[in-house]
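Data file: model_39.tsv. Format and content: TSV, C-alpha atoms.
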```tsv
chain	number	residue	atom	x	y	z
E	1	MET	CA	46.15	70.47	-42.83
E	2	LYS	CA	45.06	67.02	-41.87
E	3	LYS	CA	47.59	64.31	-42.50
E	4	GLN	CA	46.39	61.80	-45.03
E	5	LEU	CA	46.69	58.19	-43.67
E	6	SER	CA	48.41	55.82	-45.94
E	7	LYS	CA	46.67	52.56	-46.96
E	8	LYS	CA	48.89	50.53	-44.62
E	9	GLU	CA	48.14	52.79	-41.70
E	10	MET	CA	44.42	52.46	-42.45
E	11	GLN	CA	44.71	48.68	-42.40
E	12	GLN	CA	46.54	48.78	-39.07
E	13	LEU	CA	43.85	51.03	-37.67
E	14	VAL	CA	41.11	48.68	-38.81
E	15	VAL	CA	42.89	45.66	-37.28
E	16	ILE	CA	43.37	47.49	-33.97
E	17	GLY	CA	39.72	48.61	-34.06
E	18	LEU	CA	38.57	45.04	-34.67
E	19	LEU	CA	40.77	43.70	-31.87
E	20	VAL	CA	39.49	46.30	-29.41
E	21	GLY	CA	35.91	45.49	-30.51
E	22	VAL	CA	36.39	41.75	-29.98
E	23	ILE	CA	37.96	42.35	-26.54
E	24	ILE	CA	35.08	44.63	-25.53
E	25	ILE	CA	32.49	42.10	-26.73
E	26	TYR	CA	34.31	39.23	-24.93
E	27	CYS	CA	34.50	41.19	-21.69
E	28	LEU	CA	30.87	42.20	-21.89
E	29	TRP	CA	29.83	38.62	-22.63
E	30	THR	CA	31.94	37.04	-19.89
E	31	PHE	CA	31.51	39.55	-17.09
E	32	ALA	CA	28.06	40.92	-17.74
E	33	VAL	CA	25.88	38.84	-20.06
E	34	VAL	CA	26.72	35.33	-18.84
E	35	PRO	CA	26.35	36.10	-15.09
E	36	MET	CA	23.10	37.91	-15.77
E	37	LEU	CA	21.73	35.00	-17.81
E	38	ASP	CA	22.89	32.51	-15.18
E	39	SER	CA	21.24	34.35	-12.35
E	40	ALA	CA	18.06	34.76	-14.41
E	41	LYS	CA	18.04	31.03	-15.15
E	42	LYS	CA	18.55	30.15	-11.47
E	43	ARG	CA	15.77	32.50	-10.47
E	44	ARG	CA	13.40	31.04	-13.06
E	45	ASN	CA	14.21	27.52	-11.81
E	46	SER	CA	13.50	28.61	-8.24
E	47	ILE	CA	10.19	30.12	-9.35
E	48	ALA	CA	9.22	26.95	-11.22
E	49	GLU	CA	10.09	24.80	-8.18
E	50	LEU	CA	8.22	27.04	-5.82
E	51	GLN	CA	5.19	27.21	-8.12
E	52	ALA	CA	5.09	23.40	-8.38
E	53	LYS	CA	5.42	23.15	-4.58
E	54	ASN	CA	2.66	25.70	-4.09
E	55	GLN	CA	0.35	23.89	-6.52
E	56	LYS	CA	1.00	20.62	-4.67
E	57	THR	CA	0.35	22.34	-1.36
E	58	GLN	CA	-2.90	23.85	-2.63
E	59	ARG	CA	-4.04	20.44	-3.91
E	60	ALA	CA	-3.19	18.84	-0.56
E	61	ILE	CA	-5.00	21.58	1.36
E	62	SER	CA	-8.10	21.45	-0.83
E	63	ALA	CA	-8.22	17.64	-0.42
E	64	VAL	CA	-8.42	17.87	3.39
E	65	PRO	CA	-12.25	18.00	3.68
E	66	LYS	CA	-12.56	14.96	1.39
E	67	ILE	CA	-9.94	13.01	3.37
E	68	GLU	CA	-11.60	13.94	6.67
E	69	ALA	CA	-14.92	12.72	5.27
E	70	GLU	CA	-13.28	9.43	4.25
E	71	ILE	CA	-11.79	9.00	7.73
E	72	ASP	CA	-15.19	9.74	9.29
E	73	GLU	CA	-16.74	7.14	7.00
E	74	MET	CA	-14.15	4.58	8.08
E	75	ASN	CA	-14.71	5.43	11.73
E	76	ALA	CA	-18.44	4.95	11.22
E	77	GLU	CA	-17.80	1.57	9.55
E	78	LEU	CA	-15.50	0.62	12.41
E	79	ALA	CA	-18.09	1.68	14.97
E	80	HIS	CA	-20.67	-0.45	13.16
E	81	ILE	CA	-18.34	-3.48	13.16
E	82	MET	CA	-17.60	-2.88	16.82
E	83	ASP	CA	-21.27	-2.52	17.76
E	84	LYS	CA	-22.48	-5.52	15.83
E	85	TYR	CA	-19.69	-8.07	15.91
E	86	ALA	CA	-17.08	-7.25	18.53
E	87	VAL	CA	-16.94	-9.04	21.85
E	88	ARG	CA	-17.20	-6.49	24.62
E	89	PRO	CA	-15.88	-6.68	28.12
E	90	VAL	CA	-18.85	-7.31	30.39
E	91	LEU	CA	-18.89	-6.38	34.08
E	92	GLY	CA	-15.67	-4.47	34.15
E	93	SER	CA	-13.18	-6.17	31.94
E	94	SER	CA	-14.36	-9.76	31.62
E	95	TYR	CA	-14.22	-10.85	28.01
E	96	GLN	CA	-15.32	-14.33	29.14
E	97	LEU	CA	-18.90	-13.17	29.56
E	98	GLY	CA	-18.70	-11.17	26.38
E	99	VAL	CA	-17.72	-14.26	24.39
E	100	ARG	CA	-20.50	-16.22	26.04
E	101	GLN	CA	-23.02	-13.59	24.95
E	102	LYS	CA	-21.96	-14.12	21.34
E	103	ILE	CA	-21.53	-17.90	21.37
E	104	ASP	CA	-24.49	-19.13	23.42
E	105	PRO	CA	-27.31	-17.93	21.11
E	106	ILE	CA	-25.56	-19.39	18.06
E	107	ALA	CA	-24.92	-22.72	19.81
E	108	LEU	CA	-28.52	-22.85	20.97
E	109	LYS	CA	-29.86	-22.38	17.45
E	110	ALA	CA	-27.45	-25.00	16.05
E	111	GLY	CA	-28.21	-27.56	18.77
E	112	PHE	CA	-24.57	-27.64	19.83
E	113	THR	CA	-24.01	-28.04	23.55
E	114	VAL	CA	-21.40	-25.69	24.98
E	115	GLN	CA	-19.75	-27.11	28.08
E	116	LYS	CA	-17.04	-24.62	28.77
E	117	ILE	CA	-15.76	-21.34	27.40
E	118	THR	CA	-12.37	-19.93	28.27
E	119	ALA	CA	-11.43	-16.51	26.96
E	120	ARG	CA	-7.94	-15.09	27.03
E	121	ASP	CA	-7.04	-11.42	27.31
E	122	PRO	CA	-7.23	-9.63	23.97
E	123	VAL	CA	-4.28	-8.62	21.81
E	124	PRO	CA	-4.28	-5.76	19.27
E	125	LEU	CA	-5.92	-6.38	15.92
E	126	PRO	CA	-4.59	-5.95	13.21
E	127	HIS	CA	-1.80	-8.19	14.41
E	128	LYS	CA	0.96	-6.59	16.45
E	129	ARG	CA	-0.12	-3.04	15.63
E	130	GLU	CA	0.31	-0.40	18.27
E	131	GLY	CA	-2.69	1.90	18.50
E	132	ALA	CA	-4.89	-0.61	16.69
E	133	PRO	CA	-8.55	0.37	16.85
E	134	LEU	CA	-9.67	-3.18	17.57
E	135	SER	CA	-8.46	-6.16	19.51
E	136	MET	CA	-8.73	-9.89	19.19
E	137	CYS	CA	-9.44	-12.26	22.05
E	138	PHE	CA	-8.89	-15.96	21.81
E	139	ALA	CA	-11.61	-18.21	23.19
E	140	GLU	CA	-11.65	-21.95	23.66
E	141	VAL	CA	-15.12	-23.40	23.34
E	142	GLN	CA	-15.56	-26.94	24.53
E	143	GLY	CA	-18.75	-28.83	23.82
E	144	VAL	CA	-20.49	-31.86	22.43
E	145	GLY	CA	-22.51	-32.27	19.28
E	146	SER	CA	-23.07	-34.38	16.20
E	147	TYR	CA	-21.12	-33.68	13.03
E	148	SER	CA	-24.13	-31.89	11.52
E	149	GLU	CA	-24.62	-29.80	14.70
E	150	VAL	CA	-20.98	-28.79	14.64
E	151	ARG	CA	-21.34	-27.93	10.96
E	152	GLU	CA	-24.49	-25.93	11.68
E	153	PHE	CA	-22.78	-24.14	14.57
E	154	LEU	CA	-19.88	-23.27	12.28
E	155	ALA	CA	-22.22	-22.13	9.49
E	156	ARG	CA	-24.15	-19.85	11.83
E	157	LEU	CA	-20.93	-18.56	13.35
E	158	GLU	CA	-19.56	-17.67	9.92
E	159	ARG	CA	-22.86	-16.13	8.82
E	160	ASP	CA	-23.77	-14.24	11.98
E	161	ASN	CA	-20.32	-13.05	12.88
E	162	PRO	CA	-17.93	-12.92	9.95
E	163	TYR	CA	-15.23	-11.49	12.20
E	164	MET	CA	-14.93	-14.62	14.33
E	165	ARG	CA	-12.20	-16.86	13.00
E	166	VAL	CA	-11.81	-20.58	13.61
E	167	ALA	CA	-8.18	-20.93	14.59
E	168	SER	CA	-8.50	-24.59	15.54
E	169	LEU	CA	-11.12	-27.29	15.64
E	170	SER	CA	-10.93	-30.75	17.02
E	171	ILE	CA	-13.75	-33.28	16.71
E	172	LYS	CA	-13.08	-36.51	18.54
E	173	ALA	CA	-15.26	-39.61	18.63
E	174	ASN	CA	-16.96	-39.95	22.01
E	175	PRO	CA	-16.74	-43.57	23.23
E	176	HIS	CA	-19.78	-43.05	25.47
E	177	ASP	CA	-22.05	-41.55	22.81
E	178	VAL	CA	-21.33	-42.32	19.16
E	179	ARG	CA	-23.68	-39.60	17.93
E	180	ARG	CA	-22.33	-36.73	20.03
E	181	HIS	CA	-18.65	-36.03	19.55
E	182	ASN	CA	-16.28	-34.17	21.81
E	183	VAL	CA	-15.57	-30.85	20.18
E	184	LEU	CA	-13.05	-28.18	20.95
E	185	PHE	CA	-13.07	-24.91	19.05
E	186	GLY	CA	-10.32	-22.34	19.19
E	187	LEU	CA	-11.94	-19.08	18.16
E	188	GLU	CA	-10.29	-15.75	17.47
E	189	CYS	CA	-12.97	-13.15	18.14
E	190	LEU	CA	-12.95	-9.52	17.16
E	191	SER	CA	-13.16	-7.58	20.38
E	192	ALA	CA	-13.55	-4.00	21.46
E	193	PRO	CA	-10.51	-2.74	23.36
E	194	VAL	CA	-11.06	-1.43	26.88
E	195	ASN	CA	-9.86	1.97	25.68
E	196	PRO	CA	-10.82	2.08	22.02
E	197	ASN	CA	-8.74	4.21	19.65
E	198	LYS	CA	-10.21	6.12	16.78
E	199	LEU	CA	-8.68	5.93	13.32
Q	200	MET	CA	46.95	71.78	-76.57
Q	201	ASN	CA	44.53	70.83	-73.86
Q	202	LEU	CA	45.10	72.16	-70.36
Q	203	ARG	CA	43.53	70.37	-67.34
Q	204	VAL	CA	43.44	72.27	-64.10
Q	205	ASN	CA	42.64	70.29	-60.92
Q	206	LEU	CA	41.77	72.70	-58.15
Q	207	ILE	CA	40.78	70.04	-55.52
Q	208	ALA	CA	43.47	68.53	-53.37
Q	209	ASP	CA	43.39	64.74	-52.81
Q	210	ASN	CA	42.37	65.08	-49.15
Q	211	GLU	CA	39.54	67.39	-50.18
Q	212	ARG	CA	37.98	64.82	-52.44
Q	213	ARG	CA	34.55	63.49	-51.42
Q	214	SER	CA	32.78	60.40	-52.61
Q	215	SER	CA	29.54	60.96	-54.49
Q	216	SER	CA	28.11	57.64	-53.06
Q	217	PHE	CA	25.10	57.96	-50.68
Q	218	VAL	CA	26.52	55.38	-48.21
Q	219	THR	CA	29.91	56.56	-47.24
Q	220	PRO	CA	32.13	54.43	-44.97
Q	221	GLN	CA	31.80	57.07	-42.27
Q	222	PHE	CA	28.04	56.95	-42.41
Q	223	PHE	CA	28.07	53.16	-42.43
Q	224	PHE	CA	30.31	52.89	-39.34
Q	225	SER	CA	28.32	55.56	-37.49
Q	226	LEU	CA	25.08	53.71	-38.20
Q	227	LEU	CA	26.65	50.41	-37.09
Q	228	GLY	CA	27.84	52.01	-33.87
Q	229	VAL	CA	24.40	53.43	-33.12
Q	230	LEU	CA	22.70	50.12	-33.88
Q	231	ILE	CA	25.11	48.14	-31.66
Q	232	THR	CA	24.62	50.61	-28.82
Q	233	LEU	CA	20.85	50.42	-29.25
Q	234	ALA	CA	20.93	46.60	-29.26
Q	235	LEU	CA	23.03	46.59	-26.10
Q	236	VAL	CA	20.68	49.01	-24.38
Q	237	VAL	CA	17.64	46.95	-25.41
Q	238	PHE	CA	19.29	43.71	-24.29
Q	239	PHE	CA	20.47	44.97	-20.92
Q	240	GLY	CA	17.28	46.90	-20.33
Q	241	GLY	CA	15.18	43.82	-21.16
Q	242	THR	CA	17.28	41.61	-18.94
Q	243	VAL	CA	17.02	44.02	-16.04
Q	244	LEU	CA	13.25	44.29	-16.45
Q	245	THR	CA	12.85	40.49	-16.68
Q	246	ASN	CA	15.01	40.05	-13.57
Q	247	ARG	CA	12.90	42.55	-11.66
Q	248	ARG	CA	9.69	40.82	-12.72
Q	249	ASP	CA	11.12	37.40	-11.82
Q	250	ALA	CA	12.26	38.70	-8.43
Q	251	ALA	CA	8.73	39.96	-7.74
Q	252	THR	CA	7.23	36.61	-8.82
Q	253	LEU	CA	9.68	34.73	-6.60
Q	254	GLN	CA	8.83	36.95	-3.64
Q	255	ARG	CA	5.10	36.40	-4.22
Q	256	GLU	CA	5.48	32.61	-4.51
Q	257	GLN	CA	7.57	32.56	-1.32
Q	258	TRP	CA	4.89	34.53	0.47
Q	259	VAL	CA	2.24	32.04	-0.73
Q	260	TRP	CA	4.41	29.13	0.43
Q	261	GLU	CA	5.03	30.60	3.88
Q	262	ARG	CA	1.37	31.44	4.28
Q	263	ALA	CA	0.29	27.87	3.41
Q	264	GLN	CA	2.74	26.19	5.81
Q	265	THR	CA	0.32	25.64	8.72
Q	266	SER	CA	-2.48	24.37	6.51
Q	267	PHE	CA	-0.05	22.17	4.60
Q	268	ALA	CA	1.25	20.61	7.83
Q	269	LYS	CA	-2.34	19.88	8.84
Q	270	ALA	CA	-3.07	18.41	5.39
Q	271	ASN	CA	-0.02	16.16	5.71
Q	272	THR	CA	-1.14	14.96	9.13
Q	273	VAL	CA	-4.63	14.21	7.82
Q	274	ALA	CA	-3.20	12.40	4.78
Q	275	ALA	CA	-0.97	10.30	7.06
Q	276	ARG	CA	-4.02	9.49	9.22
Q	277	LEU	CA	-5.91	8.38	6.12
Q	278	LYS	CA	-3.03	6.12	5.10
Q	279	VAL	CA	-2.95	4.47	8.53
Q	280	ALA	CA	-6.75	4.17	8.56
Q	281	GLU	CA	-6.76	2.58	5.10
Q	282	THR	CA	-4.13	0.08	6.19
Q	283	PHE	CA	-6.16	-0.79	9.29
Q	284	MET	CA	-9.36	-1.18	7.31
Q	285	GLY	CA	-7.53	-3.26	4.69
Q	286	ASP	CA	-6.19	-5.52	7.42
Q	287	ILE	CA	-9.60	-5.86	9.03
Q	288	LYS	CA	-11.15	-6.76	5.68
Q	289	ALA	CA	-8.39	-9.32	5.10
Q	290	TRP	CA	-9.18	-10.69	8.55
Q	291	ARG	CA	-12.87	-11.00	7.62
Q	292	VAL	CA	-12.04	-12.80	4.36
Q	293	SER	CA	-9.80	-15.20	6.23
Q	294	CYS	CA	-12.55	-16.09	8.68
Q	295	CYS	CA	-14.90	-18.03	6.45
Q	296	GLY	CA	-14.90	-21.30	4.61
Q	297	TRP	CA	-14.61	-24.21	7.05
Q	298	ASN	CA	-18.33	-24.88	7.18
Q	299	ASP	CA	-18.44	-25.46	3.40
Q	300	ARG	CA	-15.42	-27.72	3.59
Q	301	MET	CA	-17.02	-29.80	6.36
Q	302	THR	CA	-20.20	-30.18	4.28
Q	303	LEU	CA	-18.23	-31.28	1.22
Q	304	LEU	CA	-16.15	-33.65	3.30
Q	305	ALA	CA	-19.27	-35.34	4.68
Q	306	HIS	CA	-20.44	-35.99	1.11
Q	307	GLU	CA	-17.11	-37.16	-0.28
Q	308	ILE	CA	-15.89	-39.49	2.44
Q	309	PRO	CA	-16.07	-43.17	1.38
Q	310	GLY	CA	-18.68	-45.17	3.32
Q	311	THR	CA	-16.14	-47.87	4.25
Q	312	LEU	CA	-14.09	-45.44	6.34
Q	313	GLN	CA	-14.91	-44.28	9.83
Q	314	LEU	CA	-13.37	-41.05	11.06
Q	315	ILE	CA	-12.42	-41.06	14.72
Q	316	GLU	CA	-10.81	-37.67	14.87
Q	317	MET	CA	-10.70	-34.52	12.83
Q	318	ARG	CA	-8.23	-31.86	13.81
Q	319	LEU	CA	-7.93	-28.50	12.18
Q	320	GLN	CA	-5.16	-26.06	12.99
Q	321	SER	CA	-5.28	-22.63	11.40
Q	322	PRO	CA	-2.97	-20.35	13.39
Q	323	VAL	CA	-1.67	-16.97	12.34
Q	324	LYS	CA	2.09	-17.13	11.97
Q	325	ASP	CA	4.21	-14.02	12.01
Q	326	GLY	CA	6.53	-13.99	9.06
Q	327	PRO	CA	9.31	-11.54	8.26
Q	328	GLU	CA	6.90	-9.51	6.10
Q	329	THR	CA	3.18	-10.00	6.75
Q	330	PRO	CA	1.43	-12.41	9.10
Q	331	LYS	CA	0.12	-15.53	7.38
Q	332	ILE	CA	-2.53	-18.10	8.12
Q	333	VAL	CA	-1.10	-21.57	7.85
Q	334	SER	CA	-3.83	-24.21	7.94
Q	335	GLU	CA	-3.59	-27.95	8.30
Q	336	LEU	CA	-6.37	-30.52	8.50
Q	337	ARG	CA	-5.59	-33.90	9.99
Q	338	LEU	CA	-8.08	-36.76	9.66
Q	339	SER	CA	-7.69	-39.95	11.63
Q	340	GLY	CA	-9.93	-42.97	11.16
Q	341	ARG	CA	-10.30	-46.69	11.06
Q	342	THR	CA	-11.57	-49.24	8.59
Q	343	SER	CA	-11.91	-52.98	8.27
Q	344	SER	CA	-12.76	-52.95	4.59
Q	345	PRO	CA	-10.85	-55.35	2.31
Q	346	THR	CA	-10.39	-52.38	-0.05
Q	347	ALA	CA	-9.01	-50.19	2.75
Q	348	ALA	CA	-5.84	-49.17	0.91
Q	349	SER	CA	-7.68	-47.86	-2.15
Q	350	ASP	CA	-10.41	-46.27	0.00
Q	351	VAL	CA	-7.87	-44.35	2.08
Q	352	ALA	CA	-6.07	-43.31	-1.11
Q	353	ARG	CA	-9.43	-42.15	-2.49
Q	354	LEU	CA	-10.05	-40.09	0.64
Q	355	ARG	CA	-6.62	-38.52	0.25
Q	356	ASP	CA	-7.32	-37.79	-3.42
Q	357	ILE	CA	-10.56	-35.92	-2.76
Q	358	PHE	CA	-8.35	-33.10	-1.50
Q	359	THR	CA	-6.75	-32.79	-4.92
Q	360	THR	CA	-9.52	-33.78	-7.33
Q	361	THR	CA	-12.81	-32.43	-5.96
Q	362	ALA	CA	-14.08	-29.01	-4.86
Q	363	LEU	CA	-12.23	-29.66	-1.58
Q	364	SER	CA	-8.98	-29.06	-3.44
Q	365	ASN	CA	-9.61	-25.31	-3.34
Q	366	GLY	CA	-6.66	-23.74	-1.53
Q	367	VAL	CA	-4.98	-27.06	-0.83
Q	368	ALA	CA	-1.20	-27.23	-1.15
Q	369	LYS	CA	-0.90	-30.97	-0.64
Q	370	ALA	CA	-2.63	-33.98	0.93
Q	371	THR	CA	-0.55	-36.87	2.14
Q	372	ILE	CA	-0.72	-40.08	4.12
Q	373	PRO	CA	2.28	-39.76	6.47
Q	374	PRO	CA	4.70	-42.72	6.60
Q	375	ASP	CA	3.36	-45.58	8.78
Q	376	ALA	CA	0.04	-43.78	9.20
Q	377	PHE	CA	-1.83	-46.55	7.38
Q	378	ARG	CA	-1.27	-49.62	9.54
Q	379	GLN	CA	-2.78	-52.48	11.53
Q	380	ASP	CA	-5.21	-51.25	14.20
Q	381	PRO	CA	-3.30	-51.92	17.47
Q	382	THR	CA	-6.59	-52.33	19.38
Q	383	GLN	CA	-7.75	-55.17	17.06
Q	384	GLN	CA	-4.64	-57.32	16.54
Q	385	ASP	CA	-6.68	-60.46	15.80
Q	386	ASN	CA	-8.54	-58.82	12.87
Q	387	THR	CA	-6.05	-58.57	10.01
Q	388	ASP	CA	-8.37	-56.30	7.98
Q	389	ALA	CA	-8.61	-53.73	10.77
Q	390	ARG	CA	-6.57	-50.71	9.81
Q	391	ILE	CA	-6.11	-47.23	11.13
Q	392	PHE	CA	-5.10	-44.33	8.93
Q	393	GLU	CA	-4.24	-40.69	8.97
Q	394	ILE	CA	-4.40	-38.07	6.23
Q	395	VAL	CA	-2.76	-34.70	6.51
Q	396	CYS	CA	-3.97	-31.92	4.28
Q	397	THR	CA	-1.89	-28.76	4.14
Q	398	TYR	CA	-3.43	-25.56	2.80
Q	399	LEU	CA	-1.77	-22.76	0.92
Q	400	GLU	CA	-0.53	-19.97	3.15
Q	401	LYS	CA	-2.90	-17.02	3.25
Q	402	PRO	CA	-1.38	-13.59	3.91
Q	403	LEU	CA	-3.35	-11.66	6.49
```
Whole structure, structure tokens version:
Amino acid sequence: MKKQLSKKEMQQLVVIGLLVGVIIIYCLWTFAVVPMLDSAKKRRNSIAELQAKNQKTQRAISAVPKIEAEIDEMNAELAHIMDKYAVRPVLGSSYQLGVRQKIDPIALKAGFTVQKITARDPVPLPHKREGAPLSMCFAEVQGVGSYSEVREFLARLERDNPYMRVASLSIKANPHDVRRHNVLFGLECLSAPVNPNKL
Amino acid sequence: MNLRVNLIADNERRSSSFVTPQFFFSLLGVLITLALVVFFGGTVLTNRRDAATLQREQWVWERAQTSFAKANTVAARLKVAETFMGDIKAWRVSCCGWNDRMTLLAHEIPGTLQLIEMRLQSPVKDGPETPKIVSELRLSGRTSSPTAASDVARLRDIFTTTALSNGVAKATIPPDAFRQDPTQQDNTDARIFEIVCTYLEKPL
């Protein structure tokens, strides 16, 4: 015959059952559920990071043809500037003659008499940039002309070659001829490097 | 006399209720077990799926490496090219303007003053950040007008009051620049003067 449990014994059994249940749930939670959730969270974070990185990569890769087209466009613009405005070394590496080719026609049209042109060796342009696609050569232009001829020369220079910069200008009264002043221009001219770089 | 005979022992008694404590605890046990199985099973399945997704994304990333390196190189080239073109455009903008200034100056200069020298310096100076164009215009002249002082002051003021003031930082007559002409000591009205006009720095 089965022994009947007293009420007190039943209560003790229930308390022990509850305690064992709580311990089992705690152990399951601490040693199984939490590590599993943590690792799942870490993995999801890794996936999200990787997906974002992959999307960025795909965007960058798909933009390549557009970027290459833009660079080609810039190279074409640069080639146009170089062809039209840049001083080129003539007969080997003489920028002197190149400057003369640009200055003489303008001076002739303006009525400004060029007496002497001295061109220095070019430096990279933009300033102090290694691998710059262009260069800048400084030229001193000495001549005589009236104020209006100098003005006309300057106007034509600025209109015909917007890449030629007046770095200095000196107009001095000429004691021998009050109408024709002594003029000295310091010009910074855009020039094509001997070995041009592409962008 | 009433006689009551109880033939069922206490431990043989059964409750007539449909939900007995035994049934309730059995059901609870089954439900908890089922919940645990569903939870762990779901977690395992999700983990497997996530692992497969991670592997696929890693494969995509590794596969795109070469193309991505090329894209980065091209993007860097574009950046450099844009900087170069920007600098060249800035150079072009900095080139113009002196012809207009000379035209305006010819119109504004008082008739009583005679310029004997005009000197413009507009060099590019390398600063700590970007190169700058620092321009200065120096006018030297002579006059024998009785109103020389006011005429020279008027010439100085055209650099701050007329269209010539565009881009001008300041225009001054340096100390002792307005004085007796040393070549004409006997003519007390003969004066020489100098005006220095400094322009605002232009970043290149």
Define the interface residues of chain Q facing chain E as those within 7 Å, counting all atoms listed in the file, and report them as a list in words.
->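 Here they are: Asn210, Asn246, Asp249, Leu253, Glu256, Trp260, Ser266, Phe267, Ala270, Val273, Ala274, Leu277, Ala280, Phe283, Asp286, Ile287, Arg291, Cys294, Cys295, Asn298, Met301, Ile315, Glu316, Met317, Arg318, Leu319, Gln320, Ser321 and Pro322 of chain Q.
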If you keep C-alpha atoms, can you produce a file of those selected residues as an mmCIF file, in the coordinates of the input?
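File again-v1.cif, as written:
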```
data_model
loop_
_atom_site.group_PDB
_atom_site.id
_atom_site.type_symbol
_atom_site.label_atom_id
_atom_site.label_comp_id
_atom_site.auth_asym_id
_atom_site.auth_seq_id
_atom_site.Cartn_x
_atom_site.Cartn_y
_atom_site.Cartn_z
ATOM 1 C CA ASN Q 210 42.370 65.080 -49.150
ATOM 2 C CA ASN Q 246 15.010 40.050 -13.570
ATOM 3 C CA ASP Q 249 11.120 37.400 -11.820
ATOM 4 C CA LEU Q 253 9.680 34.730 -6.600
ATOM 5 C CA GLU Q 256 5.480 32.610 -4.510
ATOM 6 C CA TRP Q 260 4.410 29.130 0.430
ATOM 7 C CA SER Q 266 -2.480 24.370 6.510
ATOM 8 C CA PHE Q 267 -0.050 22.170 4.600
ATOM 9 C CA ALA Q 270 -3.070 18.410 5.390
ATOM 10 C CA VAL Q 273 -4.630 14.210 7.820
ATOM 11 C CA ALA Q 274 -3.200 12.400 4.780
ATOM 12 C CA LEU Q 277 -5.910 8.380 6.120
ATOM 13 C CA ALA Q 280 -6.750 4.170 8.560
ATOM 14 C CA PHE Q 283 -6.160 -0.790 9.290
ATOM 15 C CA ASP Q 286 -6.190 -5.520 7.420
ATOM 16 C CA ILE Q 287 -9.600 -5.860 9.030
ATOM 17 C CA ARG Q 291 -12.870 -11.000 7.620
ATOM 18 C CA CYS Q 294 -12.550 -16.090 8.680
ATOM 19 C CA CYS Q 295 -14.900 -18.030 6.450
ATOM 20 C CA ASN Q 298 -18.330 -24.880 7.180
ATOM 21 C CA MET Q 301 -17.020 -29.800 6.360
ATOM 22 C CA ILE Q 315 -12.420 -41.060 14.720
ATOM 23 C CA GLU Q 316 -10.810 -37.670 14.870
ATOM 24 C CA MET Q 317 -10.700 -34.520 12.830
ATOM 25 C CA ARG Q 318 -8.230 -31.860 13.810
ATOM 26 C CA LEU Q 319 -7.930 -28.500 12.180
ATOM 27 C CA GLN Q 320 -5.160 -26.060 12.990
ATOM 28 C CA SER Q 321 -5.280 -22.630 11.400
ATOM 29 C CA PRO Q 322 -2.970 -20.350 13.390
#
```
Proximity to Leu97 in chain E - best of E:Ala139, E:Val123, E:Val34, E:Ala79, only C-alpha atoms |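 Closest to Leu97 in chain E of all the choices is E:Ala139.
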Taking (-9.7, -10.9, 28.6) in the file's own coordinates, collect the residues within 12 Å, counting all atoms listed in the file, and hand them back as a PyMOL selection string.
-> chain E and resi 87-99+118-124+135-139+189-194
Give me the residues within 6 Å of Gly143 in chain E as a list in words, counting all atoms listed in the file and dropping any in the same chain fewer than 3 places off.
-> Thr113, Val114, Gln115 and Val183 of chain E
CA of Ser364 in chain Q to CA of Gly310 in chain Q: how many Å, to one decimal?
-> 20.0 Å
CA of Leu363 in chain Q to CA of Leu303 in chain Q, straight-line distance in Å =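 Between CA of Leu303 in chain Q and CA of Leu363 in chain Q the gap is 6.8 Å.
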Do you know which residues are at most 9 Å from range 378-384 of chain Q counting all atoms listed in the file, after dropping those on the same chain fewer than 5 positions away, and could you put them as a PyMOL selection string?
-> chain Q and resi 341-342+389-392
Write the selection just made, keeping C-alpha atoms, as a compact mmCIF listing (two decimals), keeping the file's coordinate frame?
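What landed in again02.txt:
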```txt
# COMPACT_ATOMS: atom_id res chain seq x y z
CA ARG Q 341 -10.30 -46.69 11.06
CA THR Q 342 -11.57 -49.24 8.59
CA ALA Q 389 -8.61 -53.73 10.77
CA ARG Q 390 -6.57 -50.71 9.81
CA ILE Q 391 -6.11 -47.23 11.13
CA PHE Q 392 -5.10 -44.33 8.93
```
Could you give me, as a count of residues only, the residues within 10 Å of Thr346 in chain Q, counting all atoms listed in the file and dropping anything in the same chain fewer than 5 positions from it?
-> 3
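In this structure, CA of Ser339 in chain Q sits 18.1 Å away from CA of Thr359 in chain Q.
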Option closest in space to Trp297 in chain Q, from Q:Gln257, Q:Thr245, Q:Ser334, Q:Thr360 [counting all atoms listed in the file] |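 The answer is Q:Ser334, which sits nearest to Trp297 in chain Q.
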Excluding same-chain residues fewer than 5 positions from Ala368 in chain Q, what lies within 7 Å of it counting only C-alpha atoms, as a ChimeraX atom specification?
-> /Q:397-399
Minimum-distance residue to Asp325 in chain Q, chosen among Q:Glu261, Q:Asp350, Q:Glu400, Q:Asp356 (using only C-alpha atoms) |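 Using only C-alpha atoms, Asp325 in chain Q sits closest to Q:Glu400.
Proximity to Pro373 in chain Q at 10 Å, evaluated using all atoms listed in the file and with sequence-adjacent residues fewer than 3 positions away removed, yields Q:Ala370, Q:Ala376, Q:Phe377, Q:Phe392, Q:Glu393, Q:Ile394, Q:Val395.
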